[in-house]
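K.L.:
Below is the file data15.tsv, with TSV, C-alpha atoms.
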chain	number	residue	atom	x	y	z
A	1468	MET	CA	36.17	22.99	4.69
A	1469	PHE	CA	34.76	19.70	3.37
A	1470	TRP	CA	33.97	18.45	6.85
A	1471	MET	CA	32.21	21.69	7.77
A	1472	ILE	CA	29.99	21.55	4.66
A	1473	TRP	CA	29.26	17.89	5.28
A	1474	PHE	CA	28.43	18.55	8.95
A	1475	TRP	CA	25.83	21.20	8.09
A	1476	CYS	CA	24.34	19.10	5.32
A	1477	SER	CA	24.13	16.18	7.72
A	1478	ALA	CA	22.47	18.38	10.34
A	1479	ILE	CA	19.93	19.64	7.82
A	1480	LEU	CA	19.13	16.06	6.76
A	1481	THR	CA	18.58	15.06	10.38
A	1482	VAL	CA	16.28	18.01	11.05
A	1483	PHE	CA	14.38	17.21	7.86
A	1484	TYR	CA	13.93	13.54	8.74
A	1485	VAL	CA	12.83	14.17	12.33
A	1486	SER	CA	10.47	16.96	11.21
A	1487	LEU	CA	8.97	14.71	8.54
A	1488	VAL	CA	8.35	11.83	10.96
A	1489	LEU	CA	6.86	14.20	13.53
A	1490	ALA	CA	4.61	15.62	10.80
A	1491	TYR	CA	3.49	12.07	9.99
A	1492	THR	CA	2.80	11.45	13.68
A	1493	ILE	CA	0.71	14.60	14.06
A	1494	GLY	CA	-1.04	14.02	10.74
A	1495	TRP	CA	-2.05	10.49	11.70
A	1496	LEU	CA	-3.38	11.68	15.07
A	1497	LYS	CA	-5.30	14.56	13.49
A	1498	LEU	CA	-6.79	12.40	10.73
A	1499	PRO	CA	-10.31	11.75	12.03
A	1500	VAL	CA	-11.69	8.25	12.46
A	1501	TRP	CA	-14.79	7.92	10.30
A	1502	LYS	CA	-18.03	6.93	11.97
A	1503	LYS	CA	-21.01	5.78	9.94
A	1504	SER	CA	-23.86	8.20	9.40
A	1505	GLY	CA	-26.53	5.52	9.73
A	1506	ASN	CA	-28.08	6.42	6.37
A	1507	GLU	CA	-29.31	3.69	4.03
A	1508	PRO	CA	-26.80	3.06	1.20
A	1509	LYS	CA	-27.79	3.70	-2.40
A	1510	THR	CA	-24.61	3.03	-4.36
A	1511	PHE	CA	-24.13	-0.13	-6.41
A	1512	VAL	CA	-20.60	-1.49	-5.91
A	1513	THR	CA	-18.54	-3.81	-8.08
A	1514	VAL	CA	-15.85	-5.66	-6.12
A	1515	ILE	CA	-12.98	-6.74	-8.37
A	1516	VAL	CA	-10.55	-9.47	-7.33
A	1517	PRO	CA	-7.68	-10.23	-9.73
A	1518	ALA	CA	-6.38	-13.71	-8.92
A	1519	ARG	CA	-3.46	-15.80	-10.11
A	1520	ASN	CA	-2.65	-19.16	-8.50
A	1521	GLU	CA	-4.47	-18.39	-5.26
A	1522	GLU	CA	-6.20	-21.72	-4.58
A	1523	SER	CA	-5.10	-21.60	-0.93
A	1524	ASN	CA	-6.57	-18.12	-0.36
A	1525	ILE	CA	-9.36	-17.42	-2.82
A	1526	GLU	CA	-12.24	-19.13	-1.00
A	1527	LYS	CA	-11.47	-17.31	2.25
A	1528	CYS	CA	-11.25	-14.01	0.36
A	1529	ILE	CA	-14.53	-14.42	-1.53
A	1530	ASN	CA	-16.38	-15.62	1.56
A	1531	SER	CA	-15.29	-12.47	3.40
A	1532	ILE	CA	-16.80	-10.39	0.58
A	1533	LEU	CA	-19.99	-12.45	0.47
A	1534	ASN	CA	-20.39	-12.02	4.23
A	1535	GLN	CA	-20.62	-8.22	4.05
A	1536	ASP	CA	-23.38	-6.43	5.95
A	1537	TYR	CA	-23.98	-4.48	2.74
A	1538	PRO	CA	-27.33	-5.15	0.96
A	1539	LEU	CA	-26.87	-8.07	-1.44
A	1540	PRO	CA	-28.79	-6.37	-4.30
A	1541	LEU	CA	-26.32	-3.47	-4.18
A	1542	TYR	CA	-23.06	-5.23	-5.00
A	1543	GLU	CA	-21.49	-7.77	-7.32
A	1544	ILE	CA	-18.17	-9.61	-7.25
A	1545	ILE	CA	-16.00	-10.13	-10.32
A	1546	VAL	CA	-13.04	-12.48	-9.97
A	1547	VAL	CA	-10.57	-12.23	-12.83
A	1548	ASP	CA	-8.58	-15.42	-13.23
A	1549	ASP	CA	-5.17	-14.36	-14.51
A	1550	HIS	CA	-3.95	-17.52	-16.27
A	1551	SER	CA	-3.92	-19.60	-13.08
A	1552	THR	CA	-2.39	-23.04	-13.34
A	1553	ASP	CA	-4.06	-24.31	-10.17
A	1554	ARG	CA	-7.69	-24.63	-8.98
A	1555	THR	CA	-8.29	-20.92	-8.35
A	1556	ALA	CA	-10.98	-20.48	-11.02
A	1557	SER	CA	-12.79	-23.75	-10.34
A	1558	ILE	CA	-13.00	-23.01	-6.61
A	1559	VAL	CA	-14.74	-19.70	-7.32
A	1560	GLU	CA	-17.02	-21.21	-9.96
A	1561	ASN	CA	-18.18	-23.84	-7.47
A	1562	MET	CA	-19.13	-21.26	-4.87
A	1563	ASP	CA	-22.88	-20.74	-4.59
A	1564	ALA	CA	-23.48	-17.00	-4.96
A	1565	GLU	CA	-25.77	-15.25	-7.42
A	1566	ASN	CA	-23.76	-12.01	-7.41
A	1567	LEU	CA	-20.43	-13.70	-8.20
A	1568	GLN	CA	-18.88	-14.18	-11.63
A	1569	VAL	CA	-15.52	-15.28	-13.01
A	1570	ILE	CA	-13.70	-13.82	-16.00
A	1571	HIS	CA	-10.97	-15.98	-17.55
A	1572	LEU	CA	-8.26	-13.64	-18.76
A	1573	GLN	CA	-6.85	-16.27	-21.08
A	1574	GLU	CA	-10.08	-16.01	-23.09
A	1575	ILE	CA	-9.70	-12.25	-23.58
A	1576	GLU	CA	-7.75	-10.80	-26.47
A	1577	LYS	CA	-4.70	-9.08	-25.04
A	1578	PRO	CA	-2.39	-6.34	-26.36
A	1579	GLU	CA	0.98	-7.43	-27.69
A	1580	ASN	CA	3.89	-7.49	-25.23
A	1581	LEU	CA	1.54	-7.19	-22.26
A	1582	ILE	CA	3.39	-6.98	-18.92
A	1583	ALA	CA	0.78	-5.19	-16.75
A	1584	PHE	CA	-1.44	-8.25	-16.31
A	1585	LYS	CA	-3.07	-7.02	-13.12
A	1586	LYS	CA	-4.02	-3.69	-14.71
A	1587	PHE	CA	-5.39	-5.54	-17.72
A	1588	ALA	CA	-7.41	-7.81	-15.41
A	1589	ILE	CA	-8.92	-4.83	-13.58
A	1590	LYS	CA	-9.58	-3.00	-16.86
A	1591	THR	CA	-11.38	-6.04	-18.25
A	1592	ALA	CA	-13.56	-6.32	-15.14
A	1593	ILE	CA	-14.41	-2.61	-15.06
A	1594	GLU	CA	-15.63	-2.78	-18.65
A	1595	LYS	CA	-18.14	-5.42	-17.52
A	1596	ALA	CA	-18.92	-3.84	-14.14
A	1597	LYS	CA	-22.40	-2.57	-13.27
A	1598	GLY	CA	-21.24	-0.63	-10.22
A	1599	THR	CA	-21.03	3.12	-9.81
A	1600	LEU	CA	-18.22	2.51	-7.34
A	1601	ILE	CA	-15.35	0.12	-8.02
A	1602	PHE	CA	-13.75	-1.62	-5.05
A	1603	THR	CA	-10.57	-3.61	-5.63
A	1604	THR	CA	-8.78	-6.02	-3.34
A	1605	ASP	CA	-6.31	-8.88	-3.69
A	1606	ALA	CA	-7.11	-12.58	-3.71
A	1607	ASP	CA	-5.02	-13.23	-0.59
A	1608	CYS	CA	-6.93	-10.68	1.50
A	1609	GLU	CA	-9.85	-10.80	3.93
A	1610	LEU	CA	-12.41	-8.02	4.37
A	1611	LEU	CA	-14.23	-7.25	7.59
A	1612	SER	CA	-18.01	-7.62	7.27
A	1613	THR	CA	-18.37	-3.83	7.73
A	1614	CYS	CA	-15.93	-2.88	4.97
A	1615	LEU	CA	-18.22	-2.14	2.01
A	1616	SER	CA	-20.94	-0.44	4.06
A	1617	THR	CA	-18.37	1.87	5.68
A	1618	VAL	CA	-16.63	2.70	2.39
A	1619	VAL	CA	-19.94	3.48	0.69
A	1620	ASP	CA	-21.15	5.53	3.66
A	1621	TYR	CA	-17.96	7.62	3.48
A	1622	TYR	CA	-18.31	7.95	-0.29
A	1623	GLU	CA	-21.93	9.08	-0.09
A	1624	GLN	CA	-21.28	11.59	2.68
A	1625	ASN	CA	-18.18	13.15	1.13
A	1626	ASP	CA	-17.33	14.61	-2.25
A	1627	VAL	CA	-14.53	12.19	-3.21
A	1628	LYS	CA	-13.53	10.25	-6.30
A	1629	PHE	CA	-10.87	7.91	-4.94
A	1630	ILE	CA	-10.68	6.26	-1.50
A	1631	THR	CA	-7.81	4.24	-0.10
A	1632	GLY	CA	-7.97	2.37	3.18
A	1633	PRO	CA	-5.73	0.61	5.69
A	1634	VAL	CA	-4.20	-2.84	5.20
A	1635	VAL	CA	-2.43	-4.92	7.87
A	1636	PHE	CA	-0.61	-8.22	7.99
A	1637	ASN	CA	-2.12	-11.16	9.82
A	1638	GLU	CA	-0.31	-12.34	12.93
A	1639	ASN	CA	-0.86	-16.07	12.60
A	1640	ASP	CA	2.87	-16.72	12.52
A	1641	LYS	CA	4.91	-16.00	15.64
A	1642	SER	CA	8.30	-15.72	13.91
A	1643	LEU	CA	10.37	-12.62	14.62
A	1644	LEU	CA	10.81	-11.87	10.92
A	1645	LYS	CA	7.08	-11.79	10.23
A	1646	LYS	CA	6.50	-9.59	13.26
A	1647	ILE	CA	9.07	-7.19	11.85
A	1648	PHE	CA	7.23	-7.26	8.52
A	1649	ALA	CA	3.98	-6.50	10.35
A	1650	LEU	CA	5.38	-3.53	12.31
A	1651	GLU	CA	7.05	-2.07	9.24
A	1652	PHE	CA	3.79	-2.36	7.30
A	1653	ILE	CA	1.87	-0.55	10.04
A	1654	GLY	CA	4.35	2.29	9.63
A	1655	MET	CA	3.63	2.37	5.91
A	1656	MET	CA	-0.10	2.66	6.59
A	1657	GLY	CA	0.53	5.50	9.03
A	1658	VAL	CA	2.58	7.34	6.41
A	1659	THR	CA	-0.18	6.75	3.85
A	1660	GLY	CA	-2.87	8.28	6.06
A	1661	ALA	CA	-0.75	11.16	7.33
A	1662	SER	CA	0.46	12.03	3.83
A	1663	ASN	CA	-3.14	12.28	2.68
A	1664	PHE	CA	-4.06	14.46	5.66
A	1665	TRP	CA	-1.27	16.95	5.00
A	1666	LYS	CA	-1.57	16.62	1.20
A	1667	ILE	CA	2.17	15.91	1.18
A	1668	SER	CA	1.82	13.13	-1.37
A	1669	ASN	CA	-0.57	10.42	-2.48
A	1670	MET	CA	-0.01	6.83	-1.39
A	1671	SER	CA	-2.28	3.80	-1.57
A	1672	ASN	CA	-2.43	0.01	-1.54
A	1673	GLY	CA	-4.29	-2.02	-4.16
A	1674	ALA	CA	-5.65	-4.37	-1.49
A	1675	ASN	CA	-8.06	-1.68	-0.27
A	1676	LEU	CA	-9.13	0.77	-2.97
A	1677	ALA	CA	-12.42	2.31	-4.10
A	1678	TYR	CA	-12.98	4.76	-6.92
A	1679	GLU	CA	-15.78	6.00	-9.13
A	1680	LYS	CA	-16.11	4.11	-12.37
A	1681	ALA	CA	-16.88	7.44	-14.05
A	1682	ALA	CA	-13.63	8.91	-12.69
A	1683	TYR	CA	-11.71	5.89	-13.99
A	1684	PHE	CA	-13.09	6.42	-17.49
A	1685	ALA	CA	-12.65	10.20	-17.25
A	1686	VAL	CA	-8.87	9.71	-16.96
A	1687	ASP	CA	-8.82	6.95	-19.61
A	1688	GLY	CA	-8.16	4.28	-17.02
A	1689	PHE	CA	-4.66	2.85	-17.15
A	1690	THR	CA	-3.83	4.40	-20.52
A	1691	GLY	CA	-0.36	5.90	-20.30
A	1692	ILE	CA	0.68	3.68	-17.38
A	1693	ASP	CA	-0.22	0.32	-18.90
A	1694	HIS	CA	3.41	-0.32	-19.87
A	1695	ILE	CA	4.35	-0.44	-16.17
A	1696	ALA	CA	3.88	-3.81	-14.49
A	1697	SER	CA	2.84	-2.39	-11.10
A	1698	GLY	CA	1.02	0.81	-10.15
A	1699	ASP	CA	-2.63	-0.21	-10.50
A	1700	ASP	CA	-3.11	1.71	-7.24
A	1701	LEU	CA	-0.82	4.72	-6.85
A	1702	LEU	CA	-0.30	5.60	-10.50
A	1703	LEU	CA	-4.05	5.50	-11.14
A	1704	MET	CA	-4.50	7.56	-7.99
A	1705	GLU	CA	-2.13	10.20	-9.41
A	1706	LYS	CA	-4.12	10.37	-12.66
A	1707	ILE	CA	-7.42	10.84	-10.83
A	1708	ASP	CA	-5.88	13.42	-8.49
A	1709	LYS	CA	-4.76	15.50	-11.47
A	1710	LYS	CA	-8.24	15.39	-12.96
A	1711	TYR	CA	-10.03	15.93	-9.63
A	1712	PRO	CA	-7.74	17.83	-7.23
A	1713	GLY	CA	-8.64	17.42	-3.58
A	1714	LYS	CA	-10.96	14.46	-4.24
A	1715	ILE	CA	-8.58	11.77	-2.92
A	1716	ALA	CA	-9.17	10.41	0.59
A	1717	PHE	CA	-7.72	7.98	3.09
A	1718	LEU	CA	-10.51	6.31	5.05
A	1719	LYS	CA	-9.29	5.89	8.61
A	1720	SER	CA	-11.67	3.44	10.22
A	1721	PRO	CA	-11.19	0.14	12.07
A	1722	GLU	CA	-14.22	-1.13	10.14
A	1723	VAL	CA	-12.47	-1.07	6.78
A	1724	VAL	CA	-9.12	-2.64	7.70
A	1725	VAL	CA	-8.19	-5.32	5.16
A	1726	LYS	CA	-6.02	-8.19	6.37
A	1727	THR	CA	-3.50	-10.15	4.35
A	1728	ASP	CA	-0.64	-12.55	5.04
A	1729	PRO	CA	2.92	-11.23	5.28
A	1730	PRO	CA	5.62	-12.47	2.90
A	1731	GLU	CA	6.74	-15.99	3.73
A	1732	ASN	CA	10.45	-15.22	3.79
A	1733	MET	CA	13.07	-12.63	2.93
A	1734	THR	CA	13.13	-13.62	-0.74
A	1735	GLU	CA	9.38	-13.06	-1.09
A	1736	PHE	CA	9.62	-9.80	0.86
A	1737	PHE	CA	12.50	-8.66	-1.34
A	1738	HIS	CA	10.59	-9.28	-4.57
A	1739	GLN	CA	7.42	-7.66	-3.18
A	1740	ARG	CA	9.21	-4.47	-2.20
A	1741	ILE	CA	11.24	-4.32	-5.40
A	1742	ARG	CA	7.92	-4.53	-7.25
A	1743	TRP	CA	6.48	-1.68	-5.16
A	1744	ALA	CA	9.61	0.44	-5.48
A	1745	SER	CA	9.92	-0.15	-9.22
A	1746	LYS	CA	7.05	2.23	-9.96
A	1747	SER	CA	8.73	5.12	-8.10
A	1748	ARG	CA	10.58	6.25	-11.21
A	1749	PHE	CA	7.21	6.79	-12.89
A	1750	TYR	CA	5.72	9.04	-10.20
A	1751	SER	CA	4.59	12.38	-11.57
A	1752	ASP	CA	4.15	13.93	-8.11
A	1753	TRP	CA	7.47	15.64	-7.37
A	1754	LYS	CA	6.74	15.77	-3.63
A	1755	ILE	CA	6.75	12.02	-3.13
A	1756	ILE	CA	9.95	11.69	-5.20
A	1757	PHE	CA	11.56	14.49	-3.18
A	1758	PHE	CA	10.67	12.98	0.20
A	1759	LEU	CA	11.67	9.45	-0.80
A	1760	ALA	CA	15.02	10.70	-2.11
A	1761	LEU	CA	15.84	12.72	1.02
A	1762	VAL	CA	14.89	9.85	3.34
A	1763	TRP	CA	17.18	7.56	1.34
A	1764	ILE	CA	20.03	10.11	1.44
A	1765	PHE	CA	19.53	10.50	5.20
A	1766	HIS	CA	20.05	6.75	5.67
A	1767	ILE	CA	23.09	6.81	3.37
A	1768	ASN	CA	24.50	9.59	5.54
A	1769	ILE	CA	24.09	7.49	8.70
A	1770	LEU	CA	25.84	4.59	6.97
A	1771	TRP	CA	28.66	6.92	5.93
A	1772	ILE	CA	29.18	8.22	9.49
A	1773	THR	CA	29.14	4.68	10.85
A	1774	MET	CA	31.85	3.70	8.38
A	1775	LEU	CA	33.93	6.67	9.54
A	1776	LEU	CA	33.66	5.41	13.12
A	1777	MET	CA	34.81	1.97	12.02
A	1778	LEU	CA	37.78	3.63	10.28
A	1779	ASP	CA	38.73	5.22	13.61
A	1780	TYR	CA	37.33	8.74	13.39
A	1781	PRO	CA	36.27	9.10	17.05
A	1782	GLN	CA	35.36	12.76	16.61
A	1783	PHE	CA	32.16	11.60	14.90
A	1784	ARG	CA	31.06	9.37	17.78
A	1785	LEU	CA	28.92	12.01	19.47
A	1786	TRP	CA	27.37	13.09	16.17
A	1787	ILE	CA	26.34	9.62	15.07
A	1788	CYS	CA	24.89	8.93	18.51
A	1789	GLY	CA	22.90	12.16	18.32
A	1790	GLN	CA	21.55	11.34	14.88
A	1791	LEU	CA	20.56	7.82	15.89
A	1792	VAL	CA	18.84	8.97	19.08
A	1793	CYS	CA	16.82	11.57	17.14
A	1794	LYS	CA	15.83	8.99	14.53
A	1795	LEU	CA	14.91	6.33	17.08
A	1796	LEU	CA	12.81	8.66	19.20
A	1797	ALA	CA	10.93	10.05	16.20
A	1798	ASP	CA	10.34	6.58	14.71
A	1799	PHE	CA	9.21	5.09	18.02
A	1800	LEU	CA	6.69	7.87	18.64
A	1801	PHE	CA	5.27	7.46	15.15
A	1802	LEU	CA	4.99	3.67	15.38
A	1803	ARG	CA	3.49	4.02	18.85
A	1804	VAL	CA	0.52	6.07	17.62
A	1805	SER	CA	0.14	4.05	14.40
A	1806	SER	CA	0.18	0.67	16.11
A	1807	ASP	CA	-2.29	1.91	18.71
A	1808	PHE	CA	-4.96	2.40	16.01
A	1809	PHE	CA	-4.41	-1.13	14.68
A	1810	CYS	CA	-4.36	-2.63	18.21
A	1811	ARG	CA	-0.81	-3.85	17.62
A	1812	LYS	CA	1.11	-2.03	20.37
A	1813	HIS	CA	2.49	-5.38	21.49
A	1814	LEU	CA	4.72	-5.34	18.40
A	1815	LEU	CA	6.74	-2.43	19.78
A	1816	TRP	CA	8.93	-4.82	21.77
A	1817	ILE	CA	10.70	-5.63	18.49
A	1818	PHE	CA	11.23	-1.96	17.69
A	1819	ILE	CA	15.04	-2.12	17.72
A	1820	PRO	CA	15.32	-5.22	15.48
A	1821	ALA	CA	12.70	-3.64	13.18
A	1822	GLU	CA	14.72	-0.40	13.00
A	1823	ILE	CA	17.88	-2.27	12.06
A	1824	PHE	CA	15.97	-4.25	9.46
A	1825	GLN	CA	14.29	-1.13	8.05
A	1826	PHE	CA	17.60	0.75	7.84
A	1827	PHE	CA	19.17	-1.77	5.48
A	1828	TYR	CA	15.90	-2.42	3.69
A	1829	ILE	CA	15.55	1.27	2.77
A	1830	LEU	CA	19.13	1.43	1.50
A	1831	VAL	CA	18.90	-1.74	-0.60
A	1832	ILE	CA	15.34	-1.47	-1.93
A	1833	GLY	CA	15.63	2.26	-2.55
A	1834	PHE	CA	18.53	1.55	-4.88
A	1835	LEU	CA	17.58	-1.75	-6.51
A	1836	GLY	CA	13.94	-0.80	-7.03
A	1837	ASN	CA	14.98	1.22	-10.05
A	1838	PHE	CA	17.19	-1.41	-11.64
A	1839	ARG	CA	16.48	-4.94	-10.43
A	1840	SER	CA	13.96	-7.32	-12.01
A	1841	TYR	CA	11.58	-9.17	-9.71
A	1842	ASN	CA	9.43	-12.28	-9.59
A	1843	TRP	CA	5.69	-11.84	-9.14
A	1844	LYS	CA	3.23	-14.74	-9.30
A	1845	GLY	CA	5.70	-16.80	-11.33
A	1846	ARG	CA	6.43	-13.99	-13.82
A	1847	ILE	CA	9.80	-12.32	-14.16
A	1848	VAL	CA	9.34	-8.56	-14.60
A	1849	LYS	CA	12.26	-6.46	-15.79
Could I get this structure in the form of structure tokens?

P.N.:
Amino acid sequence: MFWMIWFWCSAILTVFYVSLVLAYTIGWLKLPVWKKSGNEPKTFVTVIVPARNEESNIEKCINSILNQDYPLPLYEIIVVDDHSTDRTASIVENMDAENLQVIHLQEIEKPENLIAFKKFAIKTAIEKAKGTLIFTTDADCELLSTCLSTVVDYYEQNDVKFITGPVVFNENDKSLLKKIFALEFIGMMGVTGASNFWKISNMSNGANLAYEKAAYFAVDGFTGIDHIASGDDLLLMEKIDKKYPGKIAFLKSPEVVVKTDPPENMTEFFHQRIRWASKSRFYSDWKIIFFLALVWIFHINILWITMLLMLDYPQFRLWICGQLVCKLLADFLFLRVSSDFFCRKHLLWIFIPAEIFQFFYILVIGFLGNFRSYNWKGRIVK
């Protein structure tokens, strides 16, 4: 009786997972690629860059923002130095740009027991921002010269309050591990866009965000989520979505892709993903919690069947093979269409190593993300 119940539950999980991945595939394909209208922009934009100990990246980042094809009188850049102990602030201050300013967070009065330093940095910058539209990115990122003009064009032609865009890892390093990181991240971007298309759930990345300053103030900014170290992207997105249903968008365009470097090693990757996963227990959208939980249970189920095979239960051999084939085919198809958009189809040759890596990553991070502390920019967050 137990085995029969388990078999049907396992079958349902497999159907769910394959259906979900196929829905992501179709959603990504159906999500239209935005093409500029050609109209002259009118919106003033404030670009906010929180930075902590980024002396090796900050100049490259700021130069990419200064080199936008967007009219110079229509945007400003605010770099918020978050207690850097290196030359981050001085590098920015020595850059010759009239629309660039630096805020030193150590000079700002902070709330007691502050742990959400990045949120506080963004909040401080927004309070000084002149822009109607806020654009945030990270100090280790590079923007294409067409990024701001495309984002603003989309914003002015559509009735939206919050826009998230694609982010990819640079491919400067030829190591297998970093290629796996890059392929996995492309999958995350595909899920982000497809989820927005189907309205399954809201996902975003703080390296490529734009939202109305008025919408930010309308939801009281980060109030209510300022006790959570991460979540300056998705948790704010949830707040704005509640206030303005249907006004959240994913901007699918090769002209707005933001590039950043992958984690240097497994330790850095581990802490990054623990940080991202740690905010999952604070999601208010039940759909994203539901899907994340079922995907995690599906992978636990595969691990369980594999253990049964190792314990000499040959009757499960055909079933585990069937589950794995279904998963591999669905995942490959999804990564094929996602990587095509980012011109990274060449990464598909590491599909099998990436699948093995992702399998254990989902199991470990999905569990530890709710319990384990992590290190971010030299700070231990519990």

K.L.:
Please provide the set of residues having any atom within 7 Å of region 1594-1611 of chain A, restricted to only C-alpha atoms, with same-chain residues fewer than 6 positions apart removed, written as a ChimeraX atom specification.

P.N.:
/A:1510-1518,1521,1524-1525,1527-1528,1531-1532,1673-1680,1722-1727

K.L.:
I'd like the contact shell of Lys1503 (chain A) - 7 Å cut-off, all atoms listed in the file, skipping same-chain residues fewer than 2 positions apart - returned as JSON, numbers by chain.

P.N.:
{"A": [1501, 1505, 1617, 1620]}

K.L.:
In file coordinates, which residues lie within 12 Å of (-1.1, 15.4, 12.9) using only C-alpha atoms, given as number ranges by chain?

P.N.:
A: 1486-1499, 1657-1658, 1660-1666, 1801, 1804-1805

K.L.:
Show which residues sit within 12 Å of Phe1652 (chain A), as a PyMOL selection string. Count only C-alpha atoms, and ignore same-chain residues fewer than 2 positions away.

P.N.:
chain A and resi 1633-1637+1645-1650+1654-1659+1672+1726-1730+1736+1740+1802+1805-1806+1809+1811+1814+1821+1825

K.L.:
Can you pull out the residues contacting region 1548-1553 of chain A? Cut-off 6 Å, using all atoms listed in the file, and skip same-chain residues under 6 positions away; I want them as a ChimeraX atom specification.

P.N.:
/A:1518-1520,1571-1573

K.L.:
Given all atoms listed in the file, how would the per-residue table for region 1551-1635 of chain A near region 1691-1700 of chain A read, listing every residue at most 6 Å away with its closest atom pair and distance in Å to one decimal, sorted by chain and number, as JSON lines?

P.N.:
{"residue": "A:Ile1582", "atom": "CA", "partner": "A:Ala1696", "partner_atom": "CA", "distance": 5.5}
{"residue": "A:Ala1583", "atom": "CA", "partner": "A:Ala1696", "partner_atom": "CA", "distance": 4.1}
{"residue": "A:Lys1586", "atom": "CA", "partner": "A:Asp1699", "partner_atom": "CA", "distance": 5.6}

K.L.:
Could you take the residues named above and write them with C-alpha atoms, as an mmCIF file, in the coordinates of the input?

P.N.:
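This is the output file selection_8.cif:
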data_model
loop_
_atom_site.group_PDB
_atom_site.id
_atom_site.type_symbol
_atom_site.label_atom_id
_atom_site.label_comp_id
_atom_site.auth_asym_id
_atom_site.auth_seq_id
_atom_site.Cartn_x
_atom_site.Cartn_y
_atom_site.Cartn_z
ATOM 1 C CA ILE A 1582 3.390 -6.980 -18.920
ATOM 2 C CA ALA A 1583 0.780 -5.190 -16.750
ATOM 3 C CA LYS A 1586 -4.020 -3.690 -14.710
#

K.L.:
Find the smallest box with edges along x, y and z containing every listed atom of region 1567-1575 of chain A, then add 3 Å on each side and report centre and edge lengths in Å to one decimal, as lines of an AutoDock Vina configuration file.

P.N.:
center_x = -13.6
center_y = -14.3
center_z = -15.9
size_x = 19.6
size_y = 10.0
size_z = 21.4
